[in-house]
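The data block below is protein.cif; it holds mmCIF, C-alpha atoms and all ligand atoms.
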data_final
loop_
_atom_site.label_atom_id
_atom_site.label_comp_id
_atom_site.auth_asym_id
_atom_site.auth_seq_id
_atom_site.Cartn_x
_atom_site.Cartn_y
_atom_site.Cartn_z
CA MET A 1 91.99 -31.07 -109.94
CA GLY A 2 89.20 -31.27 -107.41
CA PHE A 3 87.40 -33.72 -109.66
CA SER A 4 90.48 -35.98 -109.91
CA LEU A 5 90.88 -35.86 -106.14
CA MET A 6 87.28 -37.01 -105.66
CA ARG A 7 87.86 -39.92 -107.96
CA ASN A 8 90.89 -40.99 -106.00
CA GLN A 9 89.67 -43.40 -103.27
CA LYS A 10 92.86 -42.78 -101.32
CA PHE A 11 91.75 -39.19 -100.56
CA MET A 12 88.04 -39.85 -99.73
CA PRO A 13 88.39 -39.72 -95.89
CA THR A 14 90.09 -36.31 -96.21
CA ILE A 15 87.19 -34.94 -98.29
CA LYS A 16 84.71 -36.18 -95.69
CA HIS A 17 86.75 -34.39 -93.08
CA LEU A 18 86.86 -31.26 -95.19
CA LEU A 19 83.09 -31.38 -95.64
CA ILE A 20 82.53 -31.76 -91.91
CA ILE A 21 84.96 -28.95 -91.16
CA SER A 22 83.30 -26.73 -93.78
CA ILE A 23 79.79 -27.39 -92.34
CA ALA A 24 81.09 -26.66 -88.85
CA ILE A 25 82.73 -23.39 -89.99
CA ASN A 26 79.56 -22.26 -91.83
CA ALA A 27 77.31 -23.09 -88.89
CA GLY A 28 79.69 -21.22 -86.61
CA LEU A 29 79.68 -18.20 -88.93
CA LEU A 30 75.89 -18.25 -89.15
CA LEU A 31 75.54 -18.29 -85.36
CA LYS A 32 78.06 -15.48 -85.07
CA LEU A 33 76.16 -13.43 -87.67
CA LEU A 34 72.85 -13.97 -85.88
CA HIS A 35 74.44 -13.01 -82.60
CA HIS A 36 75.94 -9.86 -84.13
CA GLU A 37 72.65 -8.94 -85.74
CA HIS A 38 71.08 -8.85 -82.29
CA GLU A 39 74.01 -7.02 -80.79
CA TRP A 40 73.94 -4.44 -83.57
CA ALA A 41 70.34 -3.59 -82.92
CA GLY A 42 71.05 -3.54 -79.20
CA LEU A 43 68.60 -6.37 -78.73
CA PRO A 44 69.00 -9.53 -76.70
CA GLY A 45 69.41 -12.70 -78.80
CA PRO A 46 66.72 -15.40 -78.56
CA ASP A 47 68.52 -17.75 -76.18
CA THR A 48 70.55 -15.12 -74.30
CA ASN A 49 67.47 -13.00 -73.72
CA GLN A 50 67.42 -13.23 -69.95
CA LYS A 51 71.17 -12.67 -69.57
CA ASN A 52 71.24 -9.61 -71.82
CA GLU A 53 68.19 -8.06 -70.23
CA VAL A 54 69.81 -8.34 -66.83
CA ARG A 55 73.00 -6.80 -68.24
CA LEU A 56 71.10 -3.90 -69.87
CA VAL A 57 69.17 -3.16 -66.67
CA LYS A 58 72.42 -3.31 -64.71
CA ASP A 59 74.01 -0.82 -67.14
CA VAL A 60 71.30 1.69 -66.36
CA LEU A 61 71.15 1.00 -62.65
CA HIS A 62 74.90 1.34 -62.41
CA LYS A 63 75.21 4.53 -64.42
CA ALA A 64 78.15 6.34 -62.90
CA LYS A 65 77.17 8.60 -60.02
CA PRO A 66 78.30 12.16 -60.87
CA ALA A 67 81.49 13.08 -59.00
CA THR A 68 81.00 15.72 -56.32
CA ASP A 69 82.92 18.33 -58.36
CA GLN A 70 80.94 17.61 -61.55
CA TYR A 71 78.06 19.77 -62.82
CA ILE A 72 74.59 18.24 -62.67
CA ASN A 73 72.52 19.46 -65.59
CA LEU A 74 68.82 19.73 -64.69
CA ASP A 75 68.17 22.60 -67.09
CA HIS A 76 66.52 20.51 -69.84
CA GLY A 77 63.51 18.29 -69.34
CA ASP A 78 65.32 15.28 -70.80
CA PRO A 79 63.18 12.30 -69.67
CA THR A 80 66.03 9.79 -69.10
CA MET A 81 64.30 8.64 -65.90
CA TYR A 82 62.14 6.43 -68.15
CA GLU A 83 65.04 4.30 -69.41
CA VAL A 84 64.95 1.96 -66.42
CA TYR A 85 61.29 1.06 -66.98
CA TRP A 86 61.74 0.39 -70.70
CA LYS A 87 64.88 -1.66 -70.18
CA GLN A 88 63.01 -3.80 -67.69
CA MET A 89 60.41 -4.42 -70.40
CA GLY A 90 63.16 -6.08 -72.48
CA ASP A 91 62.07 -6.93 -76.00
CA LYS A 92 58.35 -6.29 -75.44
CA THR A 93 58.63 -3.11 -77.51
CA THR A 94 61.14 -4.45 -80.03
CA LEU A 95 60.14 -3.64 -83.57
CA VAL A 96 61.94 -5.08 -86.59
CA LEU A 97 61.70 -2.92 -89.71
CA SER A 98 62.92 -4.20 -93.07
CA GLY A 99 64.57 -2.17 -95.81
CA TRP A 100 61.49 -2.30 -98.04
CA GLN A 101 59.28 -0.67 -95.41
CA SER A 102 58.51 3.07 -95.08
CA ILE A 103 59.47 3.74 -98.69
CA SER A 104 56.46 5.82 -99.71
CA TYR A 105 55.78 9.32 -98.40
CA PHE A 106 52.15 8.31 -97.96
CA SER A 107 50.57 6.39 -95.07
CA ASP A 108 46.82 6.69 -95.55
CA THR A 109 45.59 8.50 -98.64
CA LYS A 110 41.96 8.24 -97.46
CA ASN A 111 42.73 10.34 -94.40
CA HIS A 112 43.00 14.14 -94.66
CA CYS A 113 46.21 13.65 -92.63
CA TRP A 114 47.75 11.47 -95.37
CA PHE A 115 51.04 10.85 -93.50
CA LEU A 116 49.31 9.50 -90.36
CA GLU A 117 50.06 5.78 -89.84
CA PRO A 118 46.71 4.03 -89.11
CA GLY A 119 48.37 1.86 -86.42
CA PHE A 120 49.61 4.98 -84.63
CA ALA A 121 46.16 6.62 -84.80
CA ASN A 122 44.61 3.45 -83.30
CA ALA A 123 47.20 3.33 -80.51
CA VAL A 124 46.58 7.00 -79.60
CA THR A 125 42.82 6.45 -79.45
CA ARG A 126 43.25 3.27 -77.43
CA LEU A 127 45.51 4.95 -74.84
CA HIS A 128 43.24 7.98 -74.37
CA ASN A 129 40.26 5.67 -73.93
CA LEU A 130 42.16 3.67 -71.32
CA VAL A 131 43.40 6.69 -69.34
CA GLY A 132 40.29 8.85 -69.83
CA ASN A 133 42.32 12.07 -70.10
CA ALA A 134 40.94 13.25 -73.46
CA GLN A 135 38.01 12.64 -75.74
CA THR A 136 38.85 11.19 -79.12
CA ARG A 137 35.38 10.65 -80.56
CA ASN A 138 34.64 13.20 -83.30
CA TYR A 139 38.22 14.46 -83.15
CA HIS A 140 40.72 14.50 -86.02
CA ILE A 141 44.22 13.25 -85.24
CA VAL A 142 47.18 15.10 -86.74
CA VAL A 143 50.63 13.62 -86.14
CA GLY A 144 53.70 15.84 -85.86
CA THR A 145 57.47 15.74 -85.39
CA GLY A 146 57.06 16.30 -81.67
CA SER A 147 54.34 18.53 -80.34
CA THR A 148 56.76 21.39 -81.14
CA GLN A 149 55.87 21.04 -84.83
CA LEU A 150 52.14 20.70 -84.07
CA PHE A 151 52.19 23.86 -82.01
CA GLN A 152 53.55 25.77 -85.01
CA ALA A 153 51.04 24.02 -87.30
CA ALA A 154 48.23 25.19 -84.99
CA LEU A 155 49.44 28.80 -85.07
CA TYR A 156 49.65 28.65 -88.87
CA ALA A 157 46.15 27.17 -89.12
CA LEU A 158 44.54 29.65 -86.72
CA SER A 159 46.12 32.91 -87.89
CA PRO A 160 44.30 34.59 -90.80
CA SER A 161 46.59 35.05 -93.81
CA ASN A 162 45.07 38.39 -94.83
CA ALA A 163 44.88 40.24 -91.48
CA PRO A 164 46.38 43.78 -91.36
CA GLU A 165 48.34 42.88 -88.18
CA PRO A 166 49.96 39.63 -87.06
CA MET A 167 47.84 37.57 -84.64
CA SER A 168 48.78 38.06 -80.97
CA ILE A 169 49.94 34.94 -79.13
CA VAL A 170 49.83 34.96 -75.33
CA SER A 171 50.23 32.57 -72.40
CA ALA A 172 49.96 33.25 -68.66
CA ALA A 173 53.33 33.71 -66.91
CA PRO A 174 55.21 31.69 -65.91
CA PHE A 175 54.91 30.20 -69.44
CA TYR A 176 56.87 27.44 -71.23
CA SER A 177 60.16 29.12 -72.21
CA SER A 178 60.13 27.71 -75.77
CA TYR A 179 56.88 29.50 -76.75
CA PRO A 180 58.42 32.97 -77.31
CA LEU A 181 61.51 31.44 -78.97
CA ILE A 182 59.49 29.40 -81.46
CA ILE A 183 56.94 32.13 -82.18
CA ASP A 184 59.44 34.91 -82.88
CA CYS A 185 62.11 32.73 -84.49
CA LEU A 186 61.13 33.45 -88.11
CA LYS A 187 59.60 36.90 -87.47
CA SER A 188 56.38 35.69 -89.07
CA GLY A 189 53.90 38.13 -90.56
CA LEU A 190 51.10 35.79 -89.41
CA TYR A 191 51.59 35.92 -85.65
CA LYS A 192 53.60 37.61 -82.92
CA TRP A 193 54.45 36.78 -79.31
CA LYS A 194 52.71 39.22 -76.91
CA GLY A 195 53.83 37.70 -73.61
CA ASP A 196 51.90 37.26 -70.39
CA ALA A 197 48.21 36.53 -71.07
CA SER A 198 47.13 38.15 -67.78
CA LYS A 199 48.37 41.53 -69.07
CA PHE A 200 46.78 41.25 -72.53
CA ASN A 201 44.43 43.88 -73.97
CA LYS A 202 41.21 41.97 -74.71
CA ASP A 203 40.04 43.93 -77.77
CA ASP A 204 42.48 42.46 -80.31
CA PRO A 205 42.09 38.93 -81.71
CA TYR A 206 44.51 36.53 -80.04
CA ILE A 207 45.52 32.92 -79.49
CA GLU A 208 46.02 31.88 -75.87
CA LEU A 209 48.25 28.90 -75.10
CA VAL A 210 46.96 27.03 -72.07
CA THR A 211 49.48 24.54 -70.68
CA SER A 212 48.03 22.22 -68.06
CA PRO A 213 49.69 20.99 -65.91
CA ASN A 214 51.88 23.97 -66.59
CA ASN A 215 55.55 23.94 -67.51
CA PRO A 216 57.38 25.31 -65.44
CA ASP A 217 55.27 25.50 -62.25
CA GLY A 218 52.96 22.45 -62.52
CA SER A 219 49.76 24.47 -61.92
CA ILE A 220 46.44 23.28 -63.35
CA ARG A 221 45.31 25.96 -65.73
CA GLN A 222 42.41 27.46 -67.59
CA ALA A 223 42.31 30.33 -70.06
CA VAL A 224 42.85 33.69 -68.36
CA VAL A 225 42.02 36.27 -71.06
CA ASN A 226 38.40 35.40 -71.86
CA GLY A 227 38.19 38.02 -74.61
CA SER A 228 35.64 37.64 -77.40
CA GLY A 229 38.25 37.33 -80.18
CA GLY A 230 40.25 34.58 -78.53
CA ILE A 231 41.17 31.10 -79.75
CA LEU A 232 42.59 28.54 -77.32
CA VAL A 233 45.31 25.94 -77.89
CA HIS A 234 45.66 23.47 -75.02
CA ASP A 235 49.12 22.00 -74.54
CA LEU A 236 48.43 18.85 -72.50
CA ALA A 237 51.94 17.36 -72.65
CA TYR A 238 51.76 16.57 -68.91
CA TYR A 239 48.10 15.59 -68.55
CA TRP A 240 48.97 11.97 -67.73
CA PRO A 241 48.36 10.09 -64.46
CA GLN A 242 52.02 9.84 -63.40
CA TYR A 243 52.06 13.66 -63.07
CA THR A 244 48.58 14.73 -62.08
CA PRO A 245 45.16 13.32 -61.13
CA ILE A 246 43.02 12.74 -64.21
CA SER A 247 39.98 14.63 -62.96
CA PHE A 248 38.09 15.08 -66.24
CA GLN A 249 38.13 13.97 -69.85
CA ALA A 250 39.49 16.98 -71.73
CA ASN A 251 37.45 18.06 -74.74
CA HIS A 252 39.02 21.33 -75.88
CA ASP A 253 39.08 22.47 -79.51
CA ILE A 254 42.80 21.77 -80.05
CA MET A 255 44.77 19.53 -77.67
CA LEU A 256 48.47 18.79 -78.08
CA PHE A 257 50.17 15.66 -76.70
CA THR A 258 53.65 14.19 -77.02
CA VAL A 259 55.31 10.85 -76.37
CA SER A 260 58.28 12.85 -74.97
CA LYS A 261 56.57 13.35 -71.62
CA CYS A 262 54.01 10.55 -71.73
CA THR A 263 56.25 7.52 -72.36
CA GLY A 264 59.64 9.28 -72.10
CA HIS A 265 60.57 8.73 -75.77
CA ALA A 266 61.62 12.31 -76.53
CA GLY A 267 64.20 11.08 -79.07
CA ILE A 268 61.69 9.55 -81.47
CA ARG A 269 60.13 13.02 -81.96
CA ILE A 270 56.45 12.15 -82.12
CA GLY A 271 53.49 14.19 -80.97
CA TRP A 272 49.83 14.30 -81.87
CA ALA A 273 47.02 16.84 -81.92
CA LEU A 274 43.34 16.12 -81.29
CA VAL A 275 41.43 18.69 -83.31
CA LYS A 276 37.65 19.24 -83.32
CA ASP A 277 37.34 21.29 -86.48
CA LYS A 278 38.10 19.44 -89.71
CA GLU A 279 39.21 22.57 -91.57
CA VAL A 280 41.70 23.45 -88.82
CA ALA A 281 43.03 19.86 -88.89
CA LYS A 282 43.41 20.14 -92.68
CA LYS A 283 45.37 23.40 -92.40
CA MET A 284 47.62 21.92 -89.72
CA THR A 285 48.24 18.98 -92.05
CA LYS A 286 49.09 21.45 -94.83
CA PHE A 287 51.68 23.13 -92.62
CA ILE A 288 53.38 19.80 -91.91
CA GLU A 289 53.20 18.90 -95.59
CA ILE A 290 54.96 22.18 -96.49
CA SER A 291 57.53 22.15 -93.69
CA SER A 292 58.60 18.48 -93.65
CA ILE A 293 56.44 16.52 -96.19
CA GLY A 294 54.97 14.41 -93.41
CA VAL A 295 56.34 12.75 -90.29
CA SER A 296 58.75 9.78 -89.97
CA LYS A 297 56.83 6.54 -90.51
CA ASP A 298 59.44 4.54 -88.58
CA SER A 299 58.96 6.79 -85.57
CA GLN A 300 55.18 6.50 -85.80
CA LEU A 301 55.45 2.70 -85.91
CA ARG A 302 57.76 2.70 -82.88
CA ALA A 303 55.45 5.07 -81.01
CA ALA A 304 52.44 2.87 -81.87
CA LYS A 305 54.22 -0.20 -80.50
CA ILE A 306 55.17 1.59 -77.28
CA LEU A 307 51.68 3.03 -76.69
CA ASP A 308 50.14 -0.39 -77.40
CA VAL A 309 52.45 -2.10 -74.90
CA ILE A 310 51.43 0.45 -72.24
CA ALA A 311 47.76 -0.32 -72.92
CA ASP A 312 48.56 -4.07 -72.92
CA THR A 313 50.05 -3.87 -69.41
CA TYR A 314 46.53 -2.87 -68.26
CA GLU A 315 44.33 -4.76 -70.70
CA HIS A 316 46.25 -8.05 -70.99
CA THR A 317 47.23 -8.52 -67.37
CA GLU A 318 47.66 -12.28 -67.94
CA LYS A 319 50.77 -11.52 -70.02
CA PHE A 320 52.38 -8.96 -67.70
CA ASP A 321 53.57 -8.83 -64.14
CA LYS A 322 51.68 -6.32 -61.95
CA SER A 323 54.91 -4.38 -61.41
CA THR A 324 54.96 -3.48 -65.11
CA LEU A 325 51.75 -1.39 -65.06
CA PHE A 326 53.29 1.63 -66.78
CA PHE A 327 51.52 4.61 -65.22
CA HIS A 328 51.60 3.03 -61.76
CA TYR A 329 55.33 2.39 -62.04
CA VAL A 330 56.15 5.94 -63.16
CA TYR A 331 53.68 7.48 -60.69
CA ASN A 332 55.57 5.75 -57.84
CA GLU A 333 58.92 7.02 -59.13
CA MET A 334 57.60 10.61 -59.39
CA ALA A 335 56.06 10.38 -55.91
CA LYS A 336 59.40 9.20 -54.51
CA ARG A 337 61.32 12.01 -56.22
CA TRP A 338 58.89 14.64 -54.90
CA ARG A 339 59.18 13.21 -51.35
CA GLN A 340 62.99 13.43 -51.62
CA LEU A 341 62.78 17.00 -52.92
CA ARG A 342 60.32 18.24 -50.29
CA SER A 343 62.37 16.62 -47.55
CA ALA A 344 65.56 18.36 -48.80
CA VAL A 345 63.82 21.75 -49.03
CA SER A 346 62.29 21.39 -45.55
CA LYS A 347 65.77 21.09 -43.97
CA GLY A 348 66.03 24.89 -43.78
CA GLN A 349 64.73 28.26 -44.96
CA THR A 350 66.88 28.63 -48.10
CA PHE A 351 64.30 27.37 -50.61
CA SER A 352 60.55 27.00 -50.98
CA LEU A 353 58.21 25.05 -53.24
CA LEU A 354 54.56 25.33 -54.25
CA ASP A 355 51.95 23.03 -52.73
CA PHE A 356 49.38 21.33 -54.95
CA PRO A 357 45.77 20.55 -54.01
CA VAL A 358 44.89 16.87 -53.57
CA GLU A 359 42.32 15.48 -56.00
CA LYS A 360 40.94 12.11 -56.98
CA CYS A 361 42.39 10.51 -60.09
CA ASN A 362 39.65 8.85 -62.14
CA PHE A 363 42.23 6.58 -63.76
CA SER A 364 43.91 5.08 -60.69
CA GLY A 365 41.22 5.82 -58.09
CA GLN A 366 43.96 7.35 -55.89
CA ARG A 367 43.91 10.80 -54.28
CA PHE A 368 47.07 12.85 -54.74
CA GLY A 369 48.44 16.30 -55.56
CA THR A 370 50.15 17.08 -58.87
CA GLN A 371 53.74 15.82 -58.94
CA PRO A 372 55.10 17.71 -61.95
CA ALA A 373 58.01 16.80 -64.19
CA PHE A 374 59.64 20.08 -63.08
CA ALA A 375 60.11 21.77 -59.73
CA TRP A 376 59.56 25.52 -59.62
CA LEU A 377 61.97 26.33 -56.83
CA LYS A 378 62.17 29.70 -55.10
CA CYS A 379 65.36 30.95 -53.47
CA GLU A 380 64.52 32.73 -50.23
CA LYS A 381 66.56 35.02 -47.96
CA SER A 382 69.19 37.22 -49.59
CA ILE A 383 69.57 35.07 -52.71
CA ASP A 384 68.30 37.18 -55.61
CA ASP A 385 69.59 35.17 -58.55
CA CYS A 386 68.66 31.56 -57.87
CA GLU A 387 70.14 30.14 -61.10
CA LYS A 388 73.50 31.81 -60.37
CA PHE A 389 73.46 30.60 -56.77
CA LEU A 390 72.82 26.96 -57.72
CA LYS A 391 75.33 27.12 -60.58
CA LYS A 392 78.01 28.13 -58.09
CA HIS A 393 77.22 24.84 -56.37
CA LYS A 394 77.40 22.95 -59.66
CA ILE A 395 73.67 22.52 -60.22
CA LEU A 396 72.48 23.77 -63.62
CA THR A 397 68.86 24.92 -63.75
CA ARG A 398 66.82 27.40 -65.83
CA SER A 399 66.16 30.86 -64.43
CA GLY A 400 62.61 32.14 -63.94
CA THR A 401 63.44 35.00 -66.33
CA HIS A 402 63.11 32.58 -69.29
CA PHE A 403 59.51 31.90 -68.26
CA GLY A 404 58.42 35.54 -67.91
CA SER A 405 59.01 35.43 -64.16
CA SER A 406 61.58 36.51 -61.57
CA GLU A 407 65.20 35.42 -61.10
CA LYS A 408 64.24 34.37 -57.57
CA TYR A 409 62.83 31.21 -59.25
CA VAL A 410 64.39 28.37 -61.18
CA ARG A 411 62.94 25.40 -63.04
CA ILE A 412 64.52 22.05 -62.22
CA SER A 413 63.96 18.81 -64.12
CA LEU A 414 62.81 15.88 -61.98
CA ILE A 415 62.92 13.34 -64.79
CA SER A 416 66.65 12.78 -65.26
CA HIS A 417 68.66 9.62 -64.46
CA LYS A 418 68.33 8.45 -60.86
CA GLU A 419 72.07 8.82 -60.14
CA GLU A 420 72.02 12.49 -61.18
CA TYR A 421 68.83 13.14 -59.28
CA ASP A 422 70.12 11.53 -56.08
CA GLU A 423 73.31 13.60 -56.21
CA PHE A 424 71.21 16.74 -56.80
CA ILE A 425 69.13 15.94 -53.71
CA ARG A 426 72.28 15.41 -51.67
CA ARG A 427 73.66 18.82 -52.72
CA LEU A 428 70.33 20.61 -52.27
CA SER A 429 69.93 19.18 -48.72
CA LEU A 430 73.35 20.62 -47.79
CA LEU A 431 72.50 24.05 -49.25
CA SER A 432 69.09 23.96 -47.64
CA SER A 433 70.47 23.45 -44.16
CA MET A 434 73.08 26.25 -44.51
CA LYS A 435 72.45 28.99 -41.93
CA SER A 436 73.35 31.98 -44.11
CA PRO A 437 73.82 31.07 -47.77
CA HIS A 438 75.49 33.70 -49.97
CA GLU A 439 75.27 34.15 -53.72
C1 LIG B 501 54.58 22.10 -72.37
C2 LIG B 501 55.40 21.47 -73.42
N1 LIG B 501 54.95 21.44 -74.67
C3 LIG B 501 55.68 20.88 -75.65
C4 LIG B 501 56.91 20.31 -75.42
C5 LIG B 501 57.71 19.77 -76.55
O1 LIG B 501 57.43 18.44 -76.80
P1 LIG B 501 58.09 17.64 -78.01
O2 LIG B 501 59.30 16.96 -77.48
O3 LIG B 501 57.02 16.68 -78.42
O4 LIG B 501 58.40 18.58 -79.11
C6 LIG B 501 57.40 20.31 -74.13
C7 LIG B 501 58.73 19.72 -73.86
O5 LIG B 501 59.35 19.95 -72.84
C8 LIG B 501 56.65 20.92 -73.11
O6 LIG B 501 57.10 20.97 -71.86
#

With the file now loaded, output its structure as structure tokens.
Ligand SMILES: Cc1ncc(COP(=O)(O)O)c(C=O)c1O
Amino acid sequence: MGFSLMRNQKFMPTIKHLLIISIAINAGLLLKLLHHEHEWAGLPGPDTNQKNEVRLVKDVLHKAKPATDQYINLDHGDPTMYEVYWKQMGDKTTLVLSGWQSISYFSDTKNHCWFLEPGFANAVTRLHNLVGNAQTRNYHIVVGTGSTQLFQAALYALSPSNAPEPMSIVSAAPFYSSYPLIIDCLKSGLYKWKGDASKFNKDDPYIELVTSPNNPDGSIRQAVVNGSGGILVHDLAYYWPQYTPISFQANHDIMLFTVSKCTGHAGIRIGWALVKDKEVAKKMTKFIEISSIGVSKDSQLRAAKILDVIADTYEHTEKFDKSTLFFHYVYNEMAKRWRQLRSAVSKGQTFSLLDFPVEKCNFSGQRFGTQPAFAWLKCEKSIDDCEKFLKKHKILTRSGTHFGSSEKYVRISLISHKEEYDEFIRRLSLLSSMKSPHE
């Protein structure tokens, strides 16, 4: 029938019309599909770029302020503070991955760490060289699902499999609250949590975890045990110039880093270890092979892109505005948050905070004191249980008892959304200026 219609001259104008309508409908559909594709990925479309970026930034900036009767949760160190910076960077870190990519388990069969993406390894090396916070030359890189997995890989690699007793693991109090939980979780025969390093009997072999700057109190640390049978693991999650002056290039035997606290991308679950000894690196790799058959390639590619963009903001200044210099931007935000906190605490005698010595940062050339991702707040006066006291006023924090310390202390995250943080400061200022606060 279609054929006979085409042959009929009388109907030709209608067919032309139909063709035009059909082309218009298809073009419309195509545009709609393209637009949806961008929306689906949460990315701005090519010609609406500017508009969408502004909208995304506005979404973050206008995140609802918590109501005065709502709890503010500053218990976890969830780095949502970083969202504003990355939204301002728009599609600079956009990565498009096709269905055929990341199929194989393997990333680099020539490397002892066969699941390490070469692009990620290059980005890690590039960033350390730029910041000067750790040596990479003659180190082996092992990638992990967060530094949480690498920490366990290090314990596995360093604990002898045939020892009569499990290896003792210690860290000076106050220590990162996850260490005892992770170490004793599976009741391993290889190692055992022995608590505060400053109380450890030096004769037994041990592994000491040195966290610097320290979580929870921000102190700059060195090993405290100094026994002959000791092995050190340095957790340098916070050794970045937004938190502390970079005063030396770290060159410890095993150093753990994570994007969670460096770039704020805790959700992509990527960490890396710099390991001097090849055999230790191989054993750490074995642990990751056994426990998760490698590490997400997609996450490594995303992490590589993000680390490279940070380096680009410094090394390709012609392409970036000065206000996008990553570490400078986040340093300023941390400095502001610490000023707000110290000002709130100084309104009365209810709370106190530690002071940090001022040092020169070799990266920025500036002199400043550590401005940690967490505050280690002490409740003074008659308040014995600081966590309970703050909870009564709808501020959730983590008690010092989780860190091998006293309930007079709490750890408070400083890296949450601005709206939450501002409301926390408002509440803390009120509590601080109370004449006689009660639990
Ligand atoms: C000292 C320290 N190490 C390790 C981690 C865990 O990092 P990741 O998210 O890479 O597992 C954290 C997270 O808060 C931390 O504070």

message: Just want the 7 Å neighbourhood of Ala304 in chain A, counted on all atoms listed in the file, with same-chain residues fewer than 4 positions away dropped. Output as a list in words.
response: Gly119, Phe120, Ala123, Gln300 and Asp308 of chain A

Taking all atoms listed in the file and a cut-off of 6 Å, can you tell me which residues surround ligand LIG 501 (chain B), written as an mmCIF file with C-alpha atoms, in the coordinates of the input?
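Wrote it out as result-v8.cif, contents follow:
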data_model
loop_
_atom_site.group_PDB
_atom_site.id
_atom_site.type_symbol
_atom_site.label_atom_id
_atom_site.label_comp_id
_atom_site.auth_asym_id
_atom_site.auth_seq_id
_atom_site.Cartn_x
_atom_site.Cartn_y
_atom_site.Cartn_z
ATOM 1 C CA GLY A 77 63.510 18.290 -69.340
ATOM 2 C CA GLY A 146 57.060 16.300 -81.670
ATOM 3 C CA SER A 147 54.340 18.530 -80.340
ATOM 4 C CA THR A 148 56.760 21.390 -81.140
ATOM 5 C CA TYR A 176 56.870 27.440 -71.230
ATOM 6 C CA THR A 211 49.480 24.540 -70.680
ATOM 7 C CA ASN A 215 55.550 23.940 -67.510
ATOM 8 C CA ASP A 235 49.120 22.000 -74.540
ATOM 9 C CA ALA A 237 51.940 17.360 -72.650
ATOM 10 C CA THR A 258 53.650 14.190 -77.020
ATOM 11 C CA SER A 260 58.280 12.850 -74.970
ATOM 12 C CA ALA A 266 61.620 12.310 -76.530
ATOM 13 C CA ARG A 269 60.130 13.020 -81.960
ATOM 14 C CA ILE A 270 56.450 12.150 -82.120
ATOM 15 C CA GLY A 271 53.490 14.190 -80.970
#

Where does range 164-275 of chain A meet range 361-366 of chain A within 12 Å, residue by residue, with the nearest atom pair and distance in Å to one decimal for each, counting only C-alpha atoms, listed by chain and rising number, as a Markdown table?
| residue | atom | partner | partner_atom | distance |
| --- | --- | --- | --- | --- |
| A:Tyr239 | CA | A:Cys361 | CA | 11.4 |
| A:Trp240 | CA | A:Phe363 | CA | 9.5 |
| A:Pro241 | CA | A:Phe363 | CA | 7.1 |
| A:Gln242 | CA | A:Ser364 | CA | 9.8 |
| A:Tyr243 | CA | A:Cys361 | CA | 10.6 |
| A:Thr244 | CA | A:Cys361 | CA | 7.8 |
| A:Pro245 | CA | A:Cys361 | CA | 4.1 |
| A:Ile246 | CA | A:Cys361 | CA | 4.7 |
| A:Ser247 | CA | A:Cys361 | CA | 5.6 |
| A:Phe248 | CA | A:Asn362 | CA | 7.6 |
| A:Gln249 | CA | A:Asn362 | CA | 9.4 |

query: What does the distance between CA of Phe368 in chain A and CA of Thr317 in chain A come to in Å, to one decimal place?
result: 24.8 Å

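Nearest-residue note for Leu232 in chain A: choosing from A:Leu390, A:Leu181, A:Val96, A:Leu155, the minimum distance belongs to A:Leu155, counting only C-alpha atoms.
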
message: as number ranges by chain, please: the residues near Glu117 in chain A (cut-off 12 Å, all atoms listed in the file, same-chain neighbours under 6 positions excluded).
response: A: 102, 104-111, 123-124, 141-144, 270, 272, 294-305

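Residue nearest Val275 in chain A, chosen from A:Ile425, A:Val358, A:Leu186, A:Ala154 and counting only C-alpha atoms: A:Ala154.
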
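Among the candidates A:Thr285, A:Gln88, A:Ser228, A:Thr93, the residue lying nearest to His112 in chain A is A:Thr285 (atoms considered: all atoms listed in the file).
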
query: Can you tell me, as JSON, numbers by chain, what residues are no more than 12 Å from Val280 in chain A when counting only C-alpha atoms, ignoring any on the same chain fewer than 4 positions away?
result: {"A": [112, 113, 139, 140, 141, 142, 150, 153, 154, 155, 156, 157, 158, 159, 160, 231, 233, 253, 254, 273, 274, 275, 276, 284, 285, 286, 287]}

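When only C-alpha atoms are used to compute distances to Asp196 in chain A, the closest of the residues A:Glu208, A:Asp69, A:Glu165, A:Asp385 turns out to be A:Glu208.
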
- prompt: Could you name the residues that touch Asn226 in chain A at 12 Å or less, counting all atoms listed in the file, but leaving out those on the same chain fewer than 2 positions away, as JSON, numbers by chain?
  reply: {"A": [170, 197, 198, 200, 201, 202, 203, 204, 205, 206, 207, 208, 210, 222, 223, 224, 228, 229, 230, 231, 232]}

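The spacing separating CA of Ser382 in chain A from CA of Pro216 in chain A amounts to 23.1 Å.
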
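Using all atoms listed in the file, the protein and nucleic acid residues lying no more than 10 Å from Ala163 in chain A, apart from those fewer than 3 places from it along its own chain, are Ser159, Pro160, Pro166, Met167, Gly189, Leu190 and Tyr191 of chain A.
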
statement: Counting only C-alpha atoms, closest pick from A:Tyr314, A:Ile290, A:Pro174, A:Gly195 relative to Val131 in chain A is A:Tyr314

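Taking CA of Lys360 in chain A and CA of Asn133 in chain A as endpoints, the distance between them is 13.2 Å.
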